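Heads up, the thing below is written out as structure tokens.
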Amino acid sequence: MENILTYRKIFKFWLPLFSTWLMMSVEGPFLTSLIARLAEPKFNLAAHGISFALAMIIESPIIMMMSASTAIVEGKNSLHTLRRFAYSLSIGITFFMFILLIPQVFNFFTYKILDLPENVAKLTYYGTIALLPWPAAIGFRRFYQGLLIKNGLTKLVAFGTIIRLASMSGTALFIYFFTDIPGVLLGSIALSSGVVLEAITSRFMVQKTIVKLNKISNDKTRTYFEIAHFYYPLALTAVLAMGIQPVITFFVGHSKMAIESLAVLPVLNGFVFIFRSVGLSFQEVGIALVDKNGENFRKVRNFALILSLFASGIFALFAFTDLSILWFGVISGLTTELIQLTKIPLLVFLLMPFLSVTLNIERAMIVKSEKTKLITYSTLIEITATAILLYFTIYVFDFIGVLGASIAVMLGRFFSVSFLTYFYLKTTKKWSVI
């Protein structure tokens with residue numbers, strides 16, 4: 001990027017990253033639409049949502065590696081140190097997933113803690129086994145995608161995601177038409193095949209960047225302790241954020257219309273994720289385009305505001321019109337009964353696109369200031385508020401599970417953003433005139 005940053009340049013830098021998240025957000029609705037058309041859709045959708053949530057929790061310590069490699073890697077020394085750190089972390093979380101899959105451990109978790117029905121618990125186990133390659137593949141590709149973003153090669157990141165989607169959808173359609181395995185296995189096998197191929201593709205695409213970085217030998221040498229000190233609040237943030245999923249599942253599993261709510265949640269979450277992707281794609285943009293002195297901050301901030309308003313407007317069209325029926329009925333394949341359960345939660349999530357963009361631009365600037373513990377604190381506030389609100393909405397007010405979960409998640413995110421806003425404004429106050 002040239003020194004003079006324009007909105008056009010920000011858009012060209014951001015668009016491939018957004019398309020990456022957007023394409024990933026399509027995975028969920030696509031897979032759930034196939035699962036909904038197979039045998040026992042209610043139970044398989046519930047099991048798919050739970051097994052995928054477990055895989056996301058286990059991968060959570062590695063998910064911030066993209067931000068870390070974008071922020072830290074400047075040359076040969078930082079590249080090699082962070083790469084060894086990332087590989088070690090990927091091996092560790094895969095081992096943890098092996099432990100979880102020991103039948104006695106898994107049964108204790110699903111039966112005793114989540115209190116799942118036997119048929120849903122068994123389907124969840126099959127789905128989780130098929131997702132075993134997922135965590136390490138995510139860590140591998142996010143590390144290398146961070147290097148691509150750092151060097152302005154965001155189009156290659158989007159190309160890798162195209163490969164992932166093609167592999168995922170091809171695998172899913174093959175299973176759908178030519179096998180009779182349960183829907184939860186269709187979802188897990190398709191997801192694993194897609195992300196493994198994307199990880200391999202990312203490694204090939206980043207080769208020229210690695211050669212260039214290896215020629216820079218005067219970059220700052222960071223110890224593993226320094227990297228861990230920088231990274232562990234980010235990892236803890238992701239762990240906490242993902243860790244709320246089994247809490248939600250637990251409460252919803254004890255709610256009114258529990259099975260119906262568990263079936264609707266992955267479909268609803270997949271739809272909301274499409275609009276959250278606008279914000280998720282912006283964290284690395286802020287890290288990459290705003291320097292430590294705040295140059296370009298004002299333009300990046302204004303661009304983020306425009307995005308948040310646009311995404312919220314599109315979401316409102318679905319929430320207030322029959323477009324939601326088109327999405328959840330025709331595209332996602334939900335029954336009339338399940339479609340009805342999405343109507344009020346959609347209204348609850350109305351401000352989620354705006355809050356998503358706001359949160360991620362705030363996180364980007366906090367990462368630039370290397371005060372990453374603040375991000376952890378904000379996430380702690382979010383999950384604590386969400387858990388407390390889940391208790392009240394499910395046990396005290398006796399809401400239908402999916403509605404109670406939606407209210408709790410939305411208010412939890414609001415409290416998190418409110419907390420981080422204070423420190424974001426304090427950090428960027430001197431930058432606003434640049």
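Residue numbers start at 1 in each chain; chains themselves are named A, B, ... in the order of the structure tokens; ligands are numbered from 1 in the order shown.
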Checklist entry - Hey, what's within 10 Å of A:Ile344 if we count only C-alpha atoms and toss same-chain stuff fewer than 6 positions away? As an MDAnalysis selection string, please? => result chainID A and resid 319 402:403 406:407
Next on the checklist: I'd like the contact shell of A:Thr379 - 12 Å cut-off, only C-alpha atoms, skipping same-chain residues fewer than 5 positions apart - returned as a PyMOL selection string.
Outcome noted: chain A and resi 233-244+359+363+372-374+384-386+409+412-420
For the residues in the current selection, export C-alpha atoms as an mmCIF file, in the first residue's frame.
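Output below, filename out24.cif:
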```cif
data_model
loop_
_atom_site.group_PDB
_atom_site.id
_atom_site.type_symbol
_atom_site.label_atom_id
_atom_site.label_comp_id
_atom_site.auth_asym_id
_atom_site.auth_seq_id
_atom_site.Cartn_x
_atom_site.Cartn_y
_atom_site.Cartn_z
ATOM 1 C CA PRO A 233 -4.727 -12.932 26.013
ATOM 2 C CA LEU A 234 -5.833 -13.304 22.387
ATOM 3 C CA ALA A 235 -6.009 -17.084 22.726
ATOM 4 C CA LEU A 236 -7.845 -16.814 26.030
ATOM 5 C CA THR A 237 -10.272 -14.397 24.425
ATOM 6 C CA ALA A 238 -11.079 -16.907 21.693
ATOM 7 C CA VAL A 239 -11.343 -19.778 24.190
ATOM 8 C CA LEU A 240 -13.765 -17.808 26.332
ATOM 9 C CA ALA A 241 -15.786 -16.674 23.325
ATOM 10 C CA MET A 242 -16.100 -20.202 21.975
ATOM 11 C CA GLY A 243 -16.569 -21.656 25.446
ATOM 12 C CA ILE A 244 -19.922 -19.972 25.764
ATOM 13 C CA LEU A 359 -15.987 -4.680 18.222
ATOM 14 C CA ARG A 363 -9.916 -4.961 18.891
ATOM 15 C CA THR A 372 -4.270 -7.439 24.426
ATOM 16 C CA LYS A 373 -5.441 -8.198 27.984
ATOM 17 C CA LEU A 374 -8.207 -5.623 27.522
ATOM 18 C CA THR A 384 -20.449 -13.686 32.155
ATOM 19 C CA ALA A 385 -23.362 -11.487 31.110
ATOM 20 C CA THR A 386 -24.501 -14.085 28.570
ATOM 21 C CA VAL A 409 -26.033 -13.435 23.325
ATOM 22 C CA GLY A 412 -23.695 -9.963 26.233
ATOM 23 C CA ARG A 413 -22.124 -8.591 23.052
ATOM 24 C CA PHE A 414 -23.510 -5.125 23.830
ATOM 25 C CA PHE A 415 -21.849 -5.100 27.276
ATOM 26 C CA SER A 416 -18.551 -6.301 25.785
ATOM 27 C CA VAL A 417 -18.479 -3.562 23.145
ATOM 28 C CA SER A 418 -19.434 -0.927 25.718
ATOM 29 C CA PHE A 419 -16.513 -1.901 27.953
ATOM 30 C CA LEU A 420 -13.952 -1.904 25.141
#
```
Item to check | Which of A:Ala228, A:Ile306, A:Val290, A:Leu100 sits closest to A:Ile366 [using only C-alpha atoms] | outcome: A:Val290
Next on the checklist: Can you pull out the residues contacting A:Phe106? Cut-off 10 Å, using only C-alpha atoms, and skip same-chain residues under 4 positions away; I want them as a ChimeraX atom specification.
Outcome noted: /A:99-102,110-112,121-122,124-125,128
For those residues, write N, CA and C atoms to a file as a compact mmCIF listing (two decimals), in the first residue's frame.
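Written file, result-v7.txt:
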```txt
# COMPACT_ATOMS: atom_id res chain seq x y z
N ILE A 99 -8.25 -36.64 23.44
CA ILE A 99 -8.68 -36.95 24.81
C ILE A 99 -10.20 -36.86 24.93
N LEU A 100 -10.78 -35.81 24.36
CA LEU A 100 -12.23 -35.63 24.43
C LEU A 100 -12.97 -36.79 23.78
N LEU A 101 -12.37 -37.39 22.75
CA LEU A 101 -13.05 -38.44 22.01
C LEU A 101 -12.95 -39.81 22.67
N ILE A 102 -12.22 -39.92 23.78
CA ILE A 102 -12.28 -41.15 24.56
C ILE A 102 -13.73 -41.34 25.00
N THR A 110 -21.42 -35.31 27.27
CA THR A 110 -22.69 -35.18 26.56
C THR A 110 -23.89 -35.60 27.41
N TYR A 111 -23.70 -36.66 28.22
CA TYR A 111 -24.83 -37.15 29.02
C TYR A 111 -24.96 -36.41 30.35
N LYS A 112 -23.84 -36.28 31.07
CA LYS A 112 -23.90 -35.72 32.42
C LYS A 112 -23.95 -34.19 32.43
N ALA A 121 -26.71 -37.58 21.32
CA ALA A 121 -25.35 -37.74 21.83
C ALA A 121 -24.51 -38.64 20.92
N LYS A 122 -25.11 -39.75 20.44
CA LYS A 122 -24.38 -40.66 19.56
C LYS A 122 -24.04 -39.99 18.22
N THR A 124 -23.70 -36.84 17.74
CA THR A 124 -22.70 -35.82 18.03
C THR A 124 -21.30 -36.43 18.09
N TYR A 125 -21.18 -37.62 18.65
CA TYR A 125 -19.88 -38.31 18.72
C TYR A 125 -19.34 -38.61 17.33
N THR A 128 -18.14 -35.39 15.72
CA THR A 128 -16.91 -34.86 16.31
C THR A 128 -15.69 -35.65 15.85
```
Item to check | Picked from stretch 271-409 of chain A by DSSP as helix (DSSP H, G or I), as a PyMOL selection string | outcome: chain A and resi 271-280+283-289+297-320+323-331+336-340+343-348+352-368+373-396+401-409
Write the selection just made, keeping C-alpha atoms, as a short mmCIF file (atom, residue, chain, number, x, y, z; two decimals), in the first residue's frame?
```cif
data_model
loop_
_atom_site.label_atom_id
_atom_site.label_comp_id
_atom_site.auth_asym_id
_atom_site.auth_seq_id
_atom_site.Cartn_x
_atom_site.Cartn_y
_atom_site.Cartn_z
CA PHE A 271 -27.48 -16.63 8.95
CA VAL A 272 -26.32 -14.11 11.57
CA PHE A 273 -22.71 -15.09 10.88
CA ILE A 274 -23.06 -13.91 7.29
CA PHE A 275 -23.61 -10.37 8.59
CA ARG A 276 -21.05 -10.70 11.38
CA SER A 277 -18.48 -11.52 8.68
CA VAL A 278 -18.46 -7.84 7.69
CA GLY A 279 -16.93 -7.05 11.08
CA LEU A 280 -14.79 -10.18 11.41
CA GLN A 283 -9.89 -6.78 12.35
CA GLU A 284 -6.90 -7.65 10.15
CA VAL A 285 -7.61 -4.59 7.97
CA GLY A 286 -7.21 -2.31 10.99
CA ILE A 287 -4.06 -4.10 12.14
CA ALA A 288 -2.45 -3.99 8.70
CA LEU A 289 -3.39 -0.48 7.52
CA PHE A 297 -6.78 5.58 11.51
CA ARG A 298 -9.43 8.16 10.66
CA LYS A 299 -10.08 6.80 7.17
CA VAL A 300 -10.12 3.19 8.37
CA ARG A 301 -12.54 4.12 11.18
CA ASN A 302 -14.89 5.99 8.81
CA PHE A 303 -14.85 3.11 6.35
CA ALA A 304 -15.79 0.74 9.20
CA LEU A 305 -18.74 2.95 10.16
CA ILE A 306 -20.09 2.91 6.60
CA LEU A 307 -19.79 -0.88 6.50
CA SER A 308 -21.61 -1.34 9.79
CA LEU A 309 -24.56 0.81 8.71
CA PHE A 310 -24.81 -0.95 5.35
CA ALA A 311 -24.74 -4.43 6.89
CA SER A 312 -27.34 -3.48 9.50
CA GLY A 313 -29.64 -2.14 6.79
CA ILE A 314 -29.51 -5.37 4.78
CA PHE A 315 -30.12 -7.43 7.92
CA ALA A 316 -33.17 -5.30 8.72
CA LEU A 317 -34.67 -6.14 5.30
CA PHE A 318 -34.65 -9.83 6.23
CA ALA A 319 -35.88 -9.24 9.77
CA PHE A 320 -38.89 -7.12 8.78
CA LEU A 323 -37.16 -12.52 2.85
CA SER A 324 -36.58 -14.43 6.09
CA ILE A 325 -39.11 -17.07 5.00
CA LEU A 326 -37.30 -17.38 1.68
CA TRP A 327 -33.99 -17.93 3.48
CA PHE A 328 -35.06 -20.24 6.29
CA GLY A 329 -37.76 -22.10 4.37
CA VAL A 330 -36.70 -22.37 0.73
CA ILE A 331 -32.91 -22.15 1.10
CA THR A 336 -42.95 -24.26 9.03
CA GLU A 337 -42.77 -25.01 12.74
CA LEU A 338 -39.04 -24.28 12.91
CA ILE A 339 -39.30 -21.17 10.70
CA GLN A 340 -41.69 -19.64 13.23
CA LYS A 343 -38.88 -14.67 13.64
CA ILE A 344 -38.44 -12.95 17.01
CA PRO A 345 -34.74 -13.95 17.43
CA LEU A 346 -34.05 -12.21 14.09
CA LEU A 347 -35.41 -8.97 15.52
CA VAL A 348 -33.31 -9.46 18.64
CA MET A 352 -25.47 -7.50 15.67
CA PRO A 353 -23.87 -6.41 12.33
CA PHE A 354 -23.18 -2.93 13.74
CA LEU A 355 -21.78 -4.31 17.00
CA SER A 356 -19.62 -6.82 15.12
CA VAL A 357 -17.87 -4.14 13.06
CA THR A 358 -17.49 -1.91 16.12
CA LEU A 359 -15.99 -4.68 18.22
CA ASN A 360 -13.45 -5.69 15.60
CA ILE A 361 -12.19 -2.19 14.81
CA GLU A 362 -11.81 -1.68 18.56
CA ARG A 363 -9.92 -4.96 18.89
CA ALA A 364 -7.65 -4.06 15.99
CA MET A 365 -6.57 -0.81 17.62
CA ILE A 366 -6.08 -2.53 20.99
CA VAL A 367 -3.84 -5.12 19.29
CA LYS A 368 -1.86 -2.28 17.68
CA LYS A 373 -5.44 -8.20 27.98
CA LEU A 374 -8.21 -5.62 27.52
CA ILE A 375 -9.69 -7.82 24.80
CA THR A 376 -9.75 -10.73 27.22
CA TYR A 377 -11.48 -8.62 29.88
CA SER A 378 -14.16 -7.54 27.42
CA THR A 379 -14.79 -11.16 26.44
CA LEU A 380 -15.04 -12.16 30.11
CA ILE A 381 -17.72 -9.51 30.54
CA GLU A 382 -19.54 -10.84 27.48
CA ILE A 383 -19.63 -14.50 28.52
CA THR A 384 -20.45 -13.69 32.15
CA ALA A 385 -23.36 -11.49 31.11
CA THR A 386 -24.50 -14.09 28.57
CA ALA A 387 -24.46 -16.90 31.13
CA ILE A 388 -26.36 -14.88 33.73
CA LEU A 389 -28.94 -13.77 31.16
CA LEU A 390 -29.33 -17.36 29.94
CA TYR A 391 -30.26 -18.39 33.47
CA PHE A 392 -32.89 -15.69 33.74
CA THR A 393 -34.38 -16.10 30.26
CA ILE A 394 -34.56 -19.91 30.46
CA TYR A 395 -35.23 -20.67 34.13
CA VAL A 396 -36.86 -17.52 35.47
CA GLY A 401 -34.71 -21.83 24.20
CA VAL A 402 -33.72 -20.17 20.93
CA LEU A 403 -35.29 -16.86 21.99
CA GLY A 404 -33.69 -16.88 25.43
CA ALA A 405 -30.30 -17.67 23.90
CA SER A 406 -30.66 -14.87 21.32
CA ILE A 407 -31.47 -12.26 23.96
CA ALA A 408 -28.58 -13.39 26.17
CA VAL A 409 -26.03 -13.43 23.33
#
```
Checklist entry - Near A:Leu148, within 9 Å and counting only C-alpha atoms, which residues show up once chain neighbours fewer than 4 positions away are dropped, as a list in words? => result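 Within the cut-off, the hits are Thr70, Tyr144, Gly152, Leu153, Thr154, Lys155, Leu156, Val157, Ser202, Met205, Val206 and Thr209 of chain A.
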With only C-alpha atoms counted and 9 Å as the cut-off, give the residues of stretch 143-206 of chain A in contact with stretch 22-38 of chain A, each with its shortest interatomic distance in Å and the pair that gives it, as JSON lines.
```
{"residue": "A:Ala158", "atom": "CA", "partner": "A:Met23", "partner_atom": "CA", "distance": 8.6}
{"residue": "A:Thr161", "atom": "CA", "partner": "A:Met23", "partner_atom": "CA", "distance": 7.0}
{"residue": "A:Ile162", "atom": "CA", "partner": "A:Met23", "partner_atom": "CA", "distance": 7.5}
{"residue": "A:Arg164", "atom": "CA", "partner": "A:Met24", "partner_atom": "CA", "distance": 8.6}
{"residue": "A:Leu165", "atom": "CA", "partner": "A:Met23", "partner_atom": "CA", "distance": 7.2}
{"residue": "A:Met168", "atom": "CA", "partner": "A:Glu27", "partner_atom": "CA", "distance": 8.0}
{"residue": "A:Ser169", "atom": "CA", "partner": "A:Phe30", "partner_atom": "CA", "distance": 8.1}
{"residue": "A:Ala172", "atom": "CA", "partner": "A:Leu31", "partner_atom": "CA", "distance": 7.4}
{"residue": "A:Leu173", "atom": "CA", "partner": "A:Leu34", "partner_atom": "CA", "distance": 8.3}
{"residue": "A:Tyr176", "atom": "CA", "partner": "A:Leu34", "partner_atom": "CA", "distance": 7.2}
{"residue": "A:Asp180", "atom": "CA", "partner": "A:Leu38", "partner_atom": "CA", "distance": 8.6}
{"residue": "A:Pro182", "atom": "CA", "partner": "A:Leu38", "partner_atom": "CA", "distance": 7.7}
{"residue": "A:Gly183", "atom": "CA", "partner": "A:Ile35", "partner_atom": "CA", "distance": 4.7}
{"residue": "A:Val184", "atom": "CA", "partner": "A:Ile35", "partner_atom": "CA", "distance": 7.0}
{"residue": "A:Leu186", "atom": "CA", "partner": "A:Ile35", "partner_atom": "CA", "distance": 7.5}
{"residue": "A:Gly187", "atom": "CA", "partner": "A:Leu31", "partner_atom": "CA", "distance": 5.8}
{"residue": "A:Ala190", "atom": "CA", "partner": "A:Leu31", "partner_atom": "CA", "distance": 8.4}
{"residue": "A:Leu191", "atom": "CA", "partner": "A:Glu27", "partner_atom": "CA", "distance": 8.1}
```
Keeping only N, CA and C atoms, write the selected residues to a file as a tab-separated table (two decimals), in the first residue's frame.
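Output file part.tsv follows:
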```
chain	number	residue	atom	x	y	z
A	158	ALA	N	-8.51	-15.00	-0.34
A	158	ALA	CA	-9.84	-15.29	-0.88
A	158	ALA	C	-9.80	-16.49	-1.82
A	161	THR	N	-9.93	-19.66	0.06
A	161	THR	CA	-11.27	-19.96	0.55
A	161	THR	C	-12.15	-20.52	-0.55
A	162	ILE	N	-11.94	-20.07	-1.78
A	162	ILE	CA	-12.67	-20.65	-2.91
A	162	ILE	C	-12.36	-22.14	-3.04
A	164	ARG	N	-11.40	-24.06	-0.62
A	164	ARG	CA	-12.05	-24.69	0.53
A	164	ARG	C	-13.53	-24.95	0.25
A	165	LEU	N	-14.22	-23.93	-0.26
A	165	LEU	CA	-15.65	-24.07	-0.52
A	165	LEU	C	-15.94	-25.11	-1.60
A	168	MET	N	-15.40	-28.49	0.01
A	168	MET	CA	-16.46	-28.76	0.98
A	168	MET	C	-17.78	-29.09	0.29
A	169	SER	N	-18.17	-28.25	-0.66
A	169	SER	CA	-19.46	-28.45	-1.32
A	169	SER	C	-19.46	-29.70	-2.19
A	172	ALA	N	-19.79	-32.63	0.17
A	172	ALA	CA	-21.14	-32.68	0.73
A	172	ALA	C	-22.16	-33.19	-0.29
A	173	LEU	N	-22.08	-32.69	-1.51
A	173	LEU	CA	-23.03	-33.11	-2.53
A	173	LEU	C	-22.84	-34.58	-2.91
A	176	TYR	N	-24.40	-36.53	-0.17
A	176	TYR	CA	-25.86	-36.34	-0.20
A	176	TYR	C	-26.51	-37.23	-1.26
A	180	ASP	N	-25.88	-42.95	2.16
A	180	ASP	CA	-27.01	-42.81	3.08
A	180	ASP	C	-26.54	-42.64	4.52
A	182	PRO	N	-25.59	-40.61	8.04
A	182	PRO	CA	-26.36	-39.56	8.75
A	182	PRO	C	-25.92	-38.15	8.34
A	183	GLY	N	-26.85	-37.22	8.43
A	183	GLY	CA	-26.58	-35.85	8.04
A	183	GLY	C	-25.44	-35.21	8.82
A	184	VAL	N	-25.30	-35.55	10.10
A	184	VAL	CA	-24.23	-34.96	10.91
A	184	VAL	C	-22.86	-35.33	10.35
A	186	LEU	N	-22.26	-36.04	7.16
A	186	LEU	CA	-22.12	-35.25	5.93
A	186	LEU	C	-21.49	-33.90	6.25
A	187	GLY	N	-22.04	-33.22	7.26
A	187	GLY	CA	-21.52	-31.90	7.61
A	187	GLY	C	-20.08	-31.93	8.07
A	190	ALA	N	-17.49	-33.02	5.23
A	190	ALA	CA	-17.36	-31.94	4.25
A	190	ALA	C	-16.53	-30.78	4.80
A	191	LEU	N	-16.76	-30.40	6.05
A	191	LEU	CA	-16.00	-29.31	6.67
A	191	LEU	C	-14.52	-29.66	6.77
```
Checklist entry - Counting only C-alpha atoms, which of A:Leu54, A:Glu118, A:Ile149, A:Leu131 gets nearest to A:Phe282? => result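 Selected residue with least distance to A:Phe282: A:Ile149.
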